[in-house]
file input05.csv (CSV, C-alpha atoms and all ligand atoms)
chain,number,residue,atom,x,y,z
A,19,MET,CA,28.3,111.5,37.2
A,20,SER,CA,28.4,107.8,37.3
A,21,SER,CA,31.1,105.2,37.5
A,22,VAL,CA,30.8,101.6,36.6
A,23,ILE,CA,33.4,98.9,36.4
A,24,GLY,CA,33.7,96.4,33.6
A,25,THR,CA,30.4,97.1,32.0
A,26,GLY,CA,28.6,99.7,29.8
A,27,ILE,CA,26.0,102.2,30.8
A,28,GLU,CA,22.9,102.5,28.7
A,29,GLN,CA,22.5,105.9,27.0
A,30,ARG,CA,19.4,107.5,28.3
A,31,ALA,CA,17.6,110.8,27.9
A,32,ALA,CA,19.1,113.7,29.9
A,33,GLY,CA,17.9,113.5,33.5
A,34,GLU,CA,17.0,109.9,33.5
A,35,LEU,CA,18.9,107.6,35.9
A,36,PRO,CA,21.8,105.7,34.3
A,37,ARG,CA,21.5,101.9,34.0
A,38,ALA,CA,24.3,99.3,33.7
A,39,ASP,CA,23.9,96.6,31.1
A,40,ARG,CA,24.1,93.9,33.7
A,41,PRO,CA,23.2,93.7,37.4
A,42,ALA,CA,25.1,96.2,39.4
A,43,VAL,CA,25.2,98.0,42.8
A,44,TYR,CA,23.4,101.3,42.5
A,45,ALA,CA,24.6,103.9,45.1
A,46,ILE,CA,22.0,106.5,45.8
A,47,HIS,CA,23.3,109.8,47.1
A,48,GLU,CA,23.8,113.5,46.4
A,49,ASN,CA,27.3,114.3,47.4
A,50,PRO,CA,30.0,113.2,44.9
A,51,ASP,CA,32.7,114.7,47.3
A,52,TRP,CA,32.2,111.8,49.7
A,53,PHE,CA,32.1,109.0,47.1
A,54,GLY,CA,35.8,108.6,46.3
A,55,PRO,CA,36.7,106.1,49.0
A,56,PHE,CA,33.7,104.0,48.1
A,57,ALA,CA,34.4,104.0,44.3
A,58,ALA,CA,37.9,102.9,45.1
A,59,ALA,CA,36.6,100.1,47.4
A,60,PHE,CA,34.2,98.8,44.7
A,61,ALA,CA,37.0,98.9,42.2
A,62,ARG,CA,39.3,96.9,44.5
A,63,GLU,CA,36.5,94.3,45.1
A,64,GLY,CA,35.6,94.1,41.4
A,65,VAL,CA,32.0,95.0,42.1
A,66,PRO,CA,30.3,97.1,39.4
A,67,VAL,CA,28.7,100.3,40.8
A,68,VAL,CA,26.6,103.0,39.3
A,69,GLU,CA,26.0,106.3,41.1
A,70,TRP,CA,22.5,107.7,41.2
A,71,LEU,CA,22.9,111.3,42.2
A,72,LEU,CA,19.4,112.5,43.2
A,73,VAL,CA,19.7,116.2,42.7
A,74,GLY,CA,17.1,116.5,39.9
A,75,GLY,CA,16.1,114.5,36.9
A,76,SER,CA,13.1,112.3,36.2
A,77,LEU,CA,11.7,108.8,37.0
A,78,ASP,CA,9.4,106.9,34.7
A,79,LEU,CA,7.2,105.0,37.2
A,80,THR,CA,5.9,102.6,34.5
A,81,GLU,CA,9.4,101.3,33.8
A,82,PRO,CA,10.8,98.5,36.0
A,83,PRO,CA,14.0,99.3,37.8
A,84,PRO,CA,17.2,97.7,36.5
A,85,ASP,CA,18.5,94.5,38.1
A,86,GLY,CA,20.8,95.1,41.0
A,87,VAL,CA,21.3,96.0,44.6
A,88,PHE,CA,20.3,99.5,45.7
A,89,TRP,CA,22.3,101.2,48.5
A,90,SER,CA,21.0,104.5,49.8
A,91,ARG,CA,23.5,106.8,51.4
A,92,PHE,CA,21.2,109.7,51.6
A,93,SER,CA,22.6,112.2,54.0
A,94,ALA,CA,20.6,114.2,56.6
A,95,SER,CA,22.8,117.3,55.8
A,96,SER,CA,21.9,117.3,52.0
A,97,HIS,CA,20.0,120.5,52.3
A,98,THR,CA,23.2,122.3,53.4
A,99,ARG,CA,24.6,121.5,50.0
A,100,GLY,CA,21.7,123.1,48.2
A,101,HIS,CA,20.0,119.8,47.7
A,102,LEU,CA,16.7,120.5,49.5
A,103,GLY,CA,14.7,118.2,47.1
A,104,SER,CA,17.0,115.2,47.5
A,105,LYS,CA,15.2,113.8,50.6
A,106,ASP,CA,11.9,113.4,48.7
A,107,GLN,CA,13.6,112.4,45.5
A,108,THR,CA,15.3,109.6,47.5
A,109,ARG,CA,12.0,108.6,49.2
A,110,SER,CA,10.4,108.4,45.7
A,111,VAL,CA,13.1,106.3,44.2
A,112,LEU,CA,13.3,103.9,47.1
A,113,SER,CA,9.5,103.5,47.1
A,114,TRP,CA,9.6,102.7,43.4
A,115,LEU,CA,12.5,100.2,43.9
A,116,GLU,CA,10.9,98.4,46.9
A,117,ALA,CA,7.4,98.2,45.3
A,118,ALA,CA,9.2,96.4,42.4
A,119,GLY,CA,10.8,94.0,44.8
A,120,ARG,CA,14.3,95.2,44.4
A,121,ARG,CA,16.8,94.6,47.2
A,122,THR,CA,17.6,97.9,48.9
A,123,VAL,CA,20.2,98.4,51.6
A,124,ASN,CA,19.4,101.2,54.1
A,125,GLY,CA,16.2,101.6,52.2
A,126,ARG,CA,12.9,103.5,52.4
A,127,ALA,CA,12.2,102.9,56.1
A,128,VAL,CA,15.8,103.6,57.1
A,129,LEU,CA,15.7,107.0,55.4
A,130,GLU,CA,13.2,108.1,58.1
A,131,PHE,CA,15.9,107.4,60.8
A,132,GLU,CA,18.5,109.4,58.9
A,133,VAL,CA,16.3,112.5,58.8
A,134,SER,CA,14.9,112.3,62.3
A,135,LYS,CA,16.7,112.2,65.6
A,136,VAL,CA,13.2,111.8,67.2
A,137,ALA,CA,12.8,108.6,65.3
A,138,GLN,CA,16.3,107.4,66.4
A,139,LEU,CA,16.0,108.3,70.0
A,140,SER,CA,12.5,106.9,70.4
A,141,ALA,CA,13.6,103.6,68.8
A,142,LEU,CA,16.8,103.4,70.9
A,143,ARG,CA,14.8,104.0,74.1
A,144,ALA,CA,12.3,101.4,73.1
A,145,ALA,CA,15.2,99.0,72.6
A,146,GLY,CA,16.3,99.6,76.2
A,147,ILE,CA,19.3,101.8,75.3
A,148,ASP,CA,20.1,104.8,77.4
A,149,THR,CA,19.6,108.1,75.4
A,150,PRO,CA,19.9,111.8,76.5
A,151,VAL,CA,16.7,113.2,78.0
A,152,THR,CA,15.2,115.1,75.1
A,153,THR,CA,12.2,117.3,74.3
A,154,ALA,CA,11.2,117.8,70.6
A,155,VAL,CA,10.0,121.3,70.0
A,156,PHE,CA,7.8,122.0,67.0
A,157,GLY,CA,8.3,125.5,65.7
A,158,THR,CA,10.6,128.2,66.9
A,159,ASP,CA,7.9,130.0,69.0
A,160,ALA,CA,7.6,127.1,71.3
A,161,LEU,CA,11.4,126.8,71.9
A,162,VAL,CA,11.9,129.2,74.8
A,163,PRO,CA,8.8,128.2,76.7
A,164,ALA,CA,9.7,124.5,76.3
A,165,ALA,CA,13.3,125.3,77.5
A,166,ARG,CA,11.9,126.9,80.6
A,167,ARG,CA,10.0,123.7,81.5
A,168,PHE,CA,13.1,121.6,80.5
A,169,ALA,CA,15.5,123.6,82.6
A,170,ALA,CA,13.1,123.9,85.6
A,171,ALA,CA,13.0,120.1,85.8
A,172,ARG,CA,16.9,119.9,86.1
A,173,PRO,CA,18.1,123.2,87.7
A,174,GLY,CA,21.7,124.2,87.1
A,175,GLN,CA,22.3,121.6,84.4
A,176,PRO,CA,23.5,122.7,81.0
A,177,PHE,CA,21.4,121.7,77.9
A,178,LEU,CA,21.8,121.6,74.2
A,179,ILE,CA,19.7,122.5,71.2
A,180,LYS,CA,20.1,120.6,68.0
A,181,HIS,CA,18.3,120.0,64.8
A,182,ASN,CA,16.0,117.0,64.5
A,183,GLN,CA,17.4,116.5,60.9
A,184,GLY,CA,21.0,116.9,61.8
A,185,GLY,CA,24.3,115.7,60.4
A,186,LYS,CA,27.6,117.6,60.7
A,187,GLY,CA,26.6,118.9,64.1
A,188,LEU,CA,23.9,121.2,62.6
A,189,GLY,CA,22.5,123.7,65.0
A,190,VAL,CA,24.2,122.0,68.0
A,191,GLN,CA,24.8,124.6,70.7
A,192,ARG,CA,25.2,124.3,74.4
A,193,PHE,CA,23.5,126.7,76.9
A,194,ASP,CA,23.9,127.1,80.7
A,195,SER,CA,20.7,129.0,81.1
A,196,VAL,CA,17.4,129.7,79.4
A,197,ALA,CA,18.3,133.4,79.3
A,198,GLU,CA,21.3,132.6,77.1
A,199,LEU,CA,19.1,130.5,74.8
A,200,GLU,CA,16.6,133.4,74.6
A,201,VAL,CA,19.3,135.8,73.4
A,202,HIS,CA,20.5,133.2,70.8
A,203,VAL,CA,17.0,132.5,69.4
A,204,ALA,CA,16.4,136.2,68.9
A,205,SER,CA,19.8,136.6,67.2
A,206,ALA,CA,20.9,136.3,63.6
A,207,ALA,CA,23.0,133.3,64.6
A,208,PHE,CA,20.0,131.2,65.3
A,209,GLU,CA,19.6,128.5,62.5
A,210,GLU,CA,16.0,127.4,61.7
A,211,PRO,CA,15.9,123.6,61.4
A,212,VAL,CA,14.9,122.4,57.9
A,213,ASP,CA,11.9,120.4,59.2
A,214,GLY,CA,10.8,122.9,61.9
A,215,VAL,CA,11.8,120.5,64.7
A,216,THR,CA,14.5,121.5,67.3
A,217,LEU,CA,15.5,119.3,70.1
A,218,LEU,CA,16.2,120.4,73.6
A,219,GLN,CA,18.6,117.9,75.1
A,220,GLU,CA,20.4,117.1,78.3
A,221,TYR,CA,24.1,117.9,78.0
A,222,VAL,CA,25.9,114.6,78.7
A,223,PRO,CA,29.4,115.3,80.0
A,224,SER,CA,32.0,112.9,78.6
A,225,ALA,CA,34.3,111.3,81.2
A,226,ASP,CA,37.4,111.8,79.0
A,227,GLY,CA,36.5,114.6,76.5
A,228,SER,CA,35.8,112.1,73.7
A,229,ILE,CA,32.8,110.5,72.1
A,230,THR,CA,32.8,107.0,70.5
A,231,ARG,CA,31.4,106.1,67.1
A,232,LEU,CA,30.8,102.4,66.4
A,233,GLU,CA,30.8,101.6,62.7
A,234,PHE,CA,28.5,98.7,61.7
A,235,VAL,CA,28.3,97.1,58.2
A,236,ALA,CA,26.0,94.2,57.4
A,237,GLY,CA,24.9,94.4,61.0
A,238,GLU,CA,28.4,93.7,62.4
A,239,LEU,CA,30.9,96.0,64.2
A,240,VAL,CA,33.7,96.9,61.8
A,241,TYR,CA,35.6,99.1,64.3
A,242,ALA,CA,35.1,101.8,66.9
A,243,ILE,CA,36.5,105.3,66.6
A,244,ARG,CA,37.3,107.9,69.3
A,245,ALA,CA,36.5,111.5,68.4
A,246,ASP,CA,38.1,114.2,70.5
A,247,THR,CA,35.5,116.8,71.4
A,248,VAL,CA,38.0,119.2,72.9
A,249,ILE,CA,39.4,120.0,69.4
A,250,GLY,CA,36.5,118.5,67.4
A,251,GLY,CA,33.6,120.3,69.1
A,252,PHE,CA,30.1,119.4,67.9
A,253,GLN,CA,30.9,119.0,64.2
A,254,LEU,CA,32.4,115.5,64.1
A,255,CYS,CA,32.0,114.7,60.5
A,256,PRO,CA,34.6,112.1,59.8
A,257,ALA,CA,35.0,112.8,56.1
A,258,ASP,CA,38.2,114.6,55.1
A,259,ALA,CA,36.2,117.2,53.2
A,260,CYS,CA,34.6,118.4,56.5
A,261,ALA,CA,37.8,119.1,58.5
A,262,ILE,CA,39.4,121.6,56.2
A,263,GLY,CA,38.3,125.2,55.4
A,264,PRO,CA,38.2,126.7,51.9
A,265,ASP,CA,41.7,128.1,52.5
A,266,GLY,CA,43.0,124.6,53.3
A,267,ALA,CA,43.5,125.3,57.1
A,268,PRO,CA,42.0,123.2,59.8
A,269,ILE,CA,38.7,124.5,61.2
A,270,ALA,CA,37.9,125.0,64.9
A,271,PRO,CA,34.3,123.9,64.9
A,272,PRO,CA,31.5,125.2,67.2
A,273,GLY,CA,31.8,123.6,70.6
A,274,ALA,CA,35.6,123.1,70.3
A,275,LEU,CA,37.7,124.4,73.2
A,276,ARG,CA,40.6,125.1,70.8
A,277,ALA,CA,41.7,124.6,67.2
A,278,PRO,CA,43.7,121.4,66.4
A,279,ALA,CA,47.5,121.9,66.4
A,280,PRO,CA,49.0,121.1,63.0
A,281,GLY,CA,48.9,117.3,62.5
A,282,GLU,CA,46.7,116.8,65.6
A,283,GLN,CA,43.8,114.4,64.8
A,284,VAL,CA,40.2,114.6,66.0
A,285,PHE,CA,39.7,110.9,65.2
A,286,SER,CA,41.5,107.8,66.2
A,287,LEU,CA,40.9,104.1,66.4
A,288,ARG,CA,39.3,103.0,69.7
A,289,GLU,CA,40.7,99.5,70.2
A,290,ASP,CA,39.0,98.7,73.5
A,291,VAL,CA,35.2,98.6,73.4
A,292,THR,CA,34.9,96.8,76.7
A,293,GLY,CA,31.8,98.1,78.6
A,294,LEU,CA,30.1,99.6,75.5
A,295,PRO,CA,26.7,98.2,74.6
A,296,VAL,CA,27.8,96.8,71.2
A,297,GLU,CA,25.5,93.8,71.3
A,298,ALA,CA,22.4,95.9,72.3
A,299,ILE,CA,23.1,98.3,69.5
A,300,ARG,CA,23.7,95.4,67.1
A,301,ARG,CA,20.2,94.1,68.0
A,302,PHE,CA,18.7,97.5,67.7
A,303,LEU,CA,20.0,98.0,64.2
A,304,ALA,CA,18.9,94.5,63.2
A,305,GLY,CA,15.4,95.3,64.5
A,306,ALA,CA,15.2,98.6,62.7
A,307,GLY,CA,16.6,97.1,59.4
A,308,ILE,CA,19.6,99.4,59.5
A,309,GLU,CA,22.4,97.5,57.8
A,310,ILE,CA,25.1,100.2,57.7
A,311,ALA,CA,25.5,102.8,60.4
A,312,GLY,CA,27.8,104.8,62.5
A,313,VAL,CA,26.4,105.0,66.1
A,314,GLU,CA,27.6,107.7,68.4
A,315,LEU,CA,27.7,107.4,72.2
A,316,ILE,CA,29.2,109.2,75.2
A,317,ARG,CA,30.5,107.5,78.4
A,318,THR,CA,30.1,109.6,81.5
A,319,ALA,CA,32.2,109.7,84.6
A,320,ASP,CA,29.3,108.3,86.6
A,321,GLY,CA,29.1,105.2,84.5
A,322,ARG,CA,26.3,106.0,82.0
A,323,VAL,CA,26.8,105.1,78.3
A,324,VAL,CA,24.4,107.3,76.4
A,325,VAL,CA,23.7,106.8,72.7
A,326,TYR,CA,22.6,110.0,70.9
A,327,ASP,CA,23.1,109.7,67.1
A,328,VAL,CA,22.6,107.0,64.5
A,329,ASN,CA,24.2,107.9,61.2
A,330,THR,CA,22.8,105.7,58.4
A,331,ASN,CA,24.9,107.6,56.0
A,332,THR,CA,28.4,107.1,57.2
A,333,ASN,CA,31.8,108.4,56.1
A,334,TYR,CA,35.0,106.8,57.2
A,335,ASN,CA,38.0,108.8,58.5
A,336,PRO,CA,41.1,108.2,56.4
A,337,VAL,CA,43.5,108.4,59.4
A,338,VAL,CA,41.5,105.7,61.2
A,339,GLU,CA,41.1,103.6,58.0
A,340,ALA,CA,44.9,103.6,57.6
A,341,VAL,CA,45.4,101.8,61.0
A,342,ALA,CA,42.1,100.0,61.5
A,343,PRO,CA,41.9,96.1,61.4
A,344,ALA,CA,39.3,96.4,58.6
A,345,SER,CA,38.1,99.0,56.1
A,346,GLY,CA,34.6,100.5,56.3
A,347,PRO,CA,34.3,101.1,52.5
A,348,GLY,CA,35.9,97.7,51.9
A,349,ALA,CA,33.3,96.0,54.2
A,350,ILE,CA,30.5,97.8,52.3
A,351,ALA,CA,31.8,96.9,48.9
A,352,ARG,CA,32.3,93.2,49.9
A,353,TYR,CA,28.8,93.0,51.5
A,354,LEU,CA,27.0,94.6,48.5
A,355,GLY,CA,29.0,92.4,46.2
A,356,GLN,CA,27.8,89.4,48.0
A,357,LEU,CA,24.2,90.6,47.8
A,358,LEU,CA,24.7,91.3,44.1
A,359,ALA,CA,25.9,87.8,43.5
A,360,ALA,CA,22.5,86.5,44.6
A,361,VAL,CA,20.6,88.8,42.1
A,362,THR,CA,19.3,86.8,39.1
A,363,PRO,CA,18.7,89.0,36.1
A,364,LYS,CA,15.0,89.1,35.2
A,365,PRO,CA,14.5,88.1,31.5
A,366,GLY,CA,13.6,90.9,29.2
A,367,ARG,CA,15.0,93.6,31.4
A,368,ALA,CA,18.0,95.8,31.2
A,401,LIG,N1,23.5,115.3,74.6
A,401,LIG,C1,24.7,115.6,74.3
A,401,LIG,N2,25.6,115.9,75.3
A,401,LIG,C2,26.9,116.3,75.0
A,401,LIG,N3,27.4,116.4,73.8
A,401,LIG,C3,26.6,116.1,72.7
A,401,LIG,C4,25.2,115.7,72.9
A,401,LIG,N4,24.6,115.6,71.7
A,401,LIG,C5,25.6,115.8,70.8
A,401,LIG,N5,26.7,116.2,71.4
A,401,LIG,C6,28.0,116.6,70.7
A,401,LIG,O1,27.6,117.2,69.5
A,401,LIG,C7,28.0,116.4,68.4
A,401,LIG,C8,27.0,116.5,67.3
A,401,LIG,O2,25.7,116.1,67.8
A,401,LIG,P1,24.9,114.9,67.0
A,401,LIG,O3,23.7,114.7,67.8
A,401,LIG,O4,25.8,113.8,66.7
A,401,LIG,O5,24.4,115.7,65.7
A,401,LIG,P2,24.7,115.4,64.2
A,401,LIG,O6,23.7,114.4,63.7
A,401,LIG,O7,24.6,116.7,63.5
A,401,LIG,O8,26.1,114.8,64.1
A,401,LIG,C9,28.3,115.1,68.9
A,401,LIG,O9,29.1,114.3,68.2
A,401,LIG,C10,28.8,115.3,70.3
A,401,LIG,O10,30.1,115.7,70.3
A,402,MG,MG,26.7,113.0,65.0

call {"tool": "encode", "arguments": {"input": "input05.csv", "output": "structure tokens"}}
result
Amino acid sequence: MSSVIGTGIEQRAAGELPRADRPAVYAIHENPDWFGPFAAAFAREGVPVVEWLLVGGSLDLTEPPPDGVFWSRFSASSHTRGHLGSKDQTRSVLSWLEAAGRRTVNGRAVLEFEVSKVAQLSALRAAGIDTPVTTAVFGTDALVPAARRFAAARPGQPFLIKHNQGGKGLGVQRFDSVAELEVHVASAAFEEPVDGVTLLQEYVPSADGSITRLEFVAGELVYAIRADTVIGGFQLCPADACAIGPDGAPIAPPGALRAPAPGEQVFSLREDVTGLPVEAIRRFLAGAGIEIAGVELIRTADGRVVVYDVNTNTNYNPVVEAVAPASGPGAIARYLGQLLAAVTPKPGRA
């Protein structure tokens, strides 16, 4: 359940969070399947890391947290792995850590961005960044009436629905008419959003059938990736574990025009970021206190660059990592190691 390099872990009662016997990086998450590349990067950098898997357990609020740096990689899609309670467990642990003055990375305030595209899009707009025209709909009953108003304002234009708390392209579906949406909402295929909030969103056509994801660590661009939406569709989860079905075969996700051919990759390194609003996004992230993020955008044929998704829990694609000038997990391990070096153990504490 936890890994730590070069130090021991204090024996604790079942369900209590493990503690290293000296300052460490604590990685707060709920999906061990995604952690491998990060564990390897911490090992390479010689940075001690302890995993806190928030899928149950208990927290003694009277006890001070251990000394260390606390990195949240809470994922918006945690509920799809049966971890419905992880969101509030992570909120609880981060509140406890920050009240005790511990250094968090992508901490309590950032979690609210991870679980709300309304929060992301509102803050992006306020920062002067172009975002898709979006209406947030509260409750399923309000969806079709809201879509009628939305479509009437932009006749003949396709639109999307997506979940406010997304990740992995949850609930993302394109419609060309409200009649189509009405059929879908009444069908068994309709997925209720976990927080009751569905977004109606302008469909932004990509100029070249791809989207761009800009990977930031410590507030700086590490690299950009290109994701092919023709074969990748709406489920552009860069982790290896997302691209392969239970039978080991590639999946043609919803929104894809065709399945990938054997060996054909959805993700590649985008070397040229000319014309992309890297600096505006960098400033937005700094203002929001988001230190690690993958930010997705679409460039249109008519010259718009539209930012639509801020992933504060980010996975790195192995194919891209193999050719990129720098490593995402490597940059994270180095950055957290630097922060850890500045942590002075408090006397009398574990
Ligand atoms: N407004 C949009 N117009 C066109 N395509 C979109 C739009 N929003 C999302 N998509 C496509 O759907 C994918 C998933 O949507 P996204 O908002 O990133 O949700 P998630 O948080 O679940 O990843 C995107 O990567 C993109 O390919
Ligand atoms: Mg996305």

call {"tool": "closest_residue", "arguments": {"input": "input05.csv", "among": "A:Gly227, A:Gly54, A:Gly214, A:Gly64", "to": "ligand LIG 401 (chain A)", "atoms": "all atoms listed in the file"}}
result
A:Gly227

call {"tool": "residues_around", "arguments": {"input": "input05.csv", "residues": "Ala141 (chain A)", "least_positions_apart": "4", "cutoff": "12 Å", "atoms": "all atoms listed in the file", "output": "mmCIF file with C-alpha atoms, keeping the file's coordinate frame"}}
result
data_model
loop_
_atom_site.group_PDB
_atom_site.id
_atom_site.type_symbol
_atom_site.label_atom_id
_atom_site.label_comp_id
_atom_site.auth_asym_id
_atom_site.auth_seq_id
_atom_site.Cartn_x
_atom_site.Cartn_y
_atom_site.Cartn_z
ATOM 1 C CA VAL A 128 15.800 103.600 57.100
ATOM 2 C CA GLU A 130 13.200 108.100 58.100
ATOM 3 C CA PHE A 131 15.900 107.400 60.800
ATOM 4 C CA SER A 134 14.900 112.300 62.300
ATOM 5 C CA LYS A 135 16.700 112.200 65.600
ATOM 6 C CA VAL A 136 13.200 111.800 67.200
ATOM 7 C CA ALA A 137 12.800 108.600 65.300
ATOM 8 C CA ALA A 145 15.200 99.000 72.600
ATOM 9 C CA GLY A 146 16.300 99.600 76.200
ATOM 10 C CA ILE A 147 19.300 101.800 75.300
ATOM 11 C CA ASP A 148 20.100 104.800 77.400
ATOM 12 C CA THR A 149 19.600 108.100 75.400
ATOM 13 C CA ILE A 299 23.100 98.300 69.500
ATOM 14 C CA ARG A 301 20.200 94.100 68.000
ATOM 15 C CA PHE A 302 18.700 97.500 67.700
ATOM 16 C CA LEU A 303 20.000 98.000 64.200
ATOM 17 C CA ALA A 304 18.900 94.500 63.200
ATOM 18 C CA GLY A 305 15.400 95.300 64.500
ATOM 19 C CA ALA A 306 15.200 98.600 62.700
ATOM 20 C CA GLY A 307 16.600 97.100 59.400
ATOM 21 C CA ILE A 308 19.600 99.400 59.500
ATOM 22 C CA VAL A 325 23.700 106.800 72.700
ATOM 23 C CA TYR A 326 22.600 110.000 70.900
ATOM 24 C CA ASP A 327 23.100 109.700 67.100
ATOM 25 C CA VAL A 328 22.600 107.000 64.500
#

call {"tool": "axis_aligned_box", "arguments": {"input": "input05.csv", "around": "ligand LIG 401 (chain A)", "padding_each_side": "4 Å", "output": "AutoDock Vina command-line options"}}
result
--center_x 26.8 --center_y 115.5 --center_z 69.4 --size_x 14.6 --size_y 11.4 --size_z 19.8

call {"tool": "closest_residue", "arguments": {"input": "input05.csv", "among": "A:Pro336, A:Pro150, A:Pro278, A:Gly174", "to": "Ile316 (chain A)", "atoms": "only C-alpha atoms"}}
result
A:Pro150

call {"tool": "closest_atom_pairs", "arguments": {"input": "input05.csv", "of": "chain A", "to": "ligand MG 402 (chain A)", "cutoff": "10 Å", "atoms": "all atoms listed in the file", "output": "tab-separated table"}}
result
residue	atom	partner	partner_atom	distance
A:Gly184	CA	A:MG402	MG	7.6
A:Gly185	CA	A:MG402	MG	5.8
A:Lys186	CA	A:MG402	MG	6.4
A:Gly187	CA	A:MG402	MG	6.0
A:Leu188	CA	A:MG402	MG	9.0
A:Val190	CA	A:MG402	MG	9.8
A:Ile229	CA	A:MG402	MG	9.7
A:Arg231	CA	A:MG402	MG	8.6
A:Phe252	CA	A:MG402	MG	7.8
A:Gln253	CA	A:MG402	MG	7.4
A:Leu254	CA	A:MG402	MG	6.3
A:Cys255	CA	A:MG402	MG	7.2
A:Pro256	CA	A:MG402	MG	9.5
A:Gly312	CA	A:MG402	MG	8.6
A:Val313	CA	A:MG402	MG	8.1
A:Glu314	CA	A:MG402	MG	6.4
A:Leu315	CA	A:MG402	MG	9.2
A:Tyr326	CA	A:MG402	MG	7.8
A:Asp327	CA	A:MG402	MG	5.3
A:Val328	CA	A:MG402	MG	7.3
A:Asn329	CA	A:MG402	MG	6.8
A:Thr332	CA	A:MG402	MG	9.9

call {"tool": "closest_residue", "arguments": {"input": "input05.csv", "among": "A:Asp246, A:Glu116, A:Glu34, A:Glu210", "to": "ligand LIG 401 (chain A)", "atoms": "all atoms listed in the file"}}
result
A:Asp246

call {"tool": "residues_around", "arguments": {"input": "input05.csv", "residues": "Ala197 (chain A)", "least_positions_apart": "6", "cutoff": "10 Å", "atoms": "only C-alpha atoms", "output": "PyMOL selection string"}}
result
chain A and resi 162+165-166

call {"tool": "closest_residue", "arguments": {"input": "input05.csv", "among": "A:Ala94, A:Val196, A:Ala319, A:Ala360", "to": "ligand LIG 401 (chain A)", "atoms": "all atoms listed in the file"}}
result
A:Ala94

call {"tool": "residues_around", "arguments": {"input": "input05.csv", "residues": "Lys180 (chain A)", "least_positions_apart": "5", "cutoff": "6 Å", "atoms": "all atoms listed in the file", "output": "PyMOL selection string"}}
result
chain A and resi 189-190+216-217

call {"tool": "atom_distance", "arguments": {"input": "input05.csv", "atom1": "CA of Lys105 (chain A)", "atom2": "CA of Ala206 (chain A)"}}
result
26.6 Å

call {"tool": "closest_residue", "arguments": {"input": "input05.csv", "among": "A:Phe234, A:Tyr353, A:Tyr334, A:Phe177", "to": "ligand LIG 401 (chain A)", "atoms": "only C-alpha atoms and all ligand atoms"}}
result
A:Phe177

call {"tool": "closest_residue", "arguments": {"input": "input05.csv", "among": "A:Trp114, A:Tyr241, A:Tyr221, A:Tyr44", "to": "ligand LIG 401 (chain A)", "atoms": "only C-alpha atoms and all ligand atoms"}}
result
A:Tyr221

call {"tool": "atom_distance", "arguments": {"input": "input05.csv", "atom1": "CA of Leu287 (chain A)", "atom2": "CA of Glu69 (chain A)"}}
result
29.4 Å

call {"tool": "atom_distance", "arguments": {"input": "input05.csv", "atom1": "CA of Thr108 (chain A)", "atom2": "CA of Asp213 (chain A)"}}
result
16.3 Å

call {"tool": "build_atoms", "arguments": {"input": "input05.csv", "residues": "region 107-115 of chain A", "atoms": "N, CA, C and O atoms", "output": "PDB file, in the coordinates of the input"}}
result
ATOM      1  N   GLN A 107      13.222 113.124  46.693  1.00  0.00           N
ATOM      2  CA  GLN A 107      13.600 112.400  45.500  1.00  0.00           C
ATOM      3  C   GLN A 107      14.059 110.951  45.914  1.00  0.00           C
ATOM      4  O   GLN A 107      13.724 109.957  45.277  1.00  0.00           O
ATOM      5  N   THR A 108      14.820 110.882  47.009  1.00  0.00           N
ATOM      6  CA  THR A 108      15.300 109.600  47.500  1.00  0.00           C
ATOM      7  C   THR A 108      14.132 108.735  48.003  1.00  0.00           C
ATOM      8  O   THR A 108      14.041 107.540  47.726  1.00  0.00           O
ATOM      9  N   ARG A 109      13.211 109.377  48.756  1.00  0.00           N
ATOM     10  CA  ARG A 109      12.000 108.600  49.200  1.00  0.00           C
ATOM     11  C   ARG A 109      11.291 108.065  47.972  1.00  0.00           C
ATOM     12  O   ARG A 109      10.865 106.913  47.966  1.00  0.00           O
ATOM     13  N   SER A 110      11.160 108.877  46.914  1.00  0.00           N
ATOM     14  CA  SER A 110      10.400 108.400  45.700  1.00  0.00           C
ATOM     15  C   SER A 110      11.114 107.253  45.062  1.00  0.00           C
ATOM     16  O   SER A 110      10.467 106.241  44.750  1.00  0.00           O
ATOM     17  N   VAL A 111      12.401 107.374  44.854  1.00  0.00           N
ATOM     18  CA  VAL A 111      13.100 106.300  44.200  1.00  0.00           C
ATOM     19  C   VAL A 111      13.116 105.018  44.982  1.00  0.00           C
ATOM     20  O   VAL A 111      12.906 103.926  44.449  1.00  0.00           O
ATOM     21  N   LEU A 112      13.302 105.140  46.296  1.00  0.00           N
ATOM     22  CA  LEU A 112      13.300 103.900  47.100  1.00  0.00           C
ATOM     23  C   LEU A 112      11.917 103.294  47.175  1.00  0.00           C
ATOM     24  O   LEU A 112      11.791 102.066  47.159  1.00  0.00           O
ATOM     25  N   SER A 113      10.861 104.099  47.183  1.00  0.00           N
ATOM     26  CA  SER A 113       9.500 103.500  47.100  1.00  0.00           C
ATOM     27  C   SER A 113       9.286 102.764  45.858  1.00  0.00           C
ATOM     28  O   SER A 113       8.731 101.654  45.865  1.00  0.00           O
ATOM     29  N   TRP A 114       9.725 103.352  44.749  1.00  0.00           N
ATOM     30  CA  TRP A 114       9.600 102.700  43.400  1.00  0.00           C
ATOM     31  C   TRP A 114      10.388 101.390  43.394  1.00  0.00           C
ATOM     32  O   TRP A 114       9.884 100.352  42.947  1.00  0.00           O
ATOM     33  N   LEU A 115      11.610 101.399  43.908  1.00  0.00           N
ATOM     34  CA  LEU A 115      12.500 100.200  43.900  1.00  0.00           C
ATOM     35  C   LEU A 115      11.835  99.094  44.767  1.00  0.00           C
ATOM     36  O   LEU A 115      11.756  97.934  44.341  1.00  0.00           O
TER      37      LEU A 115
END
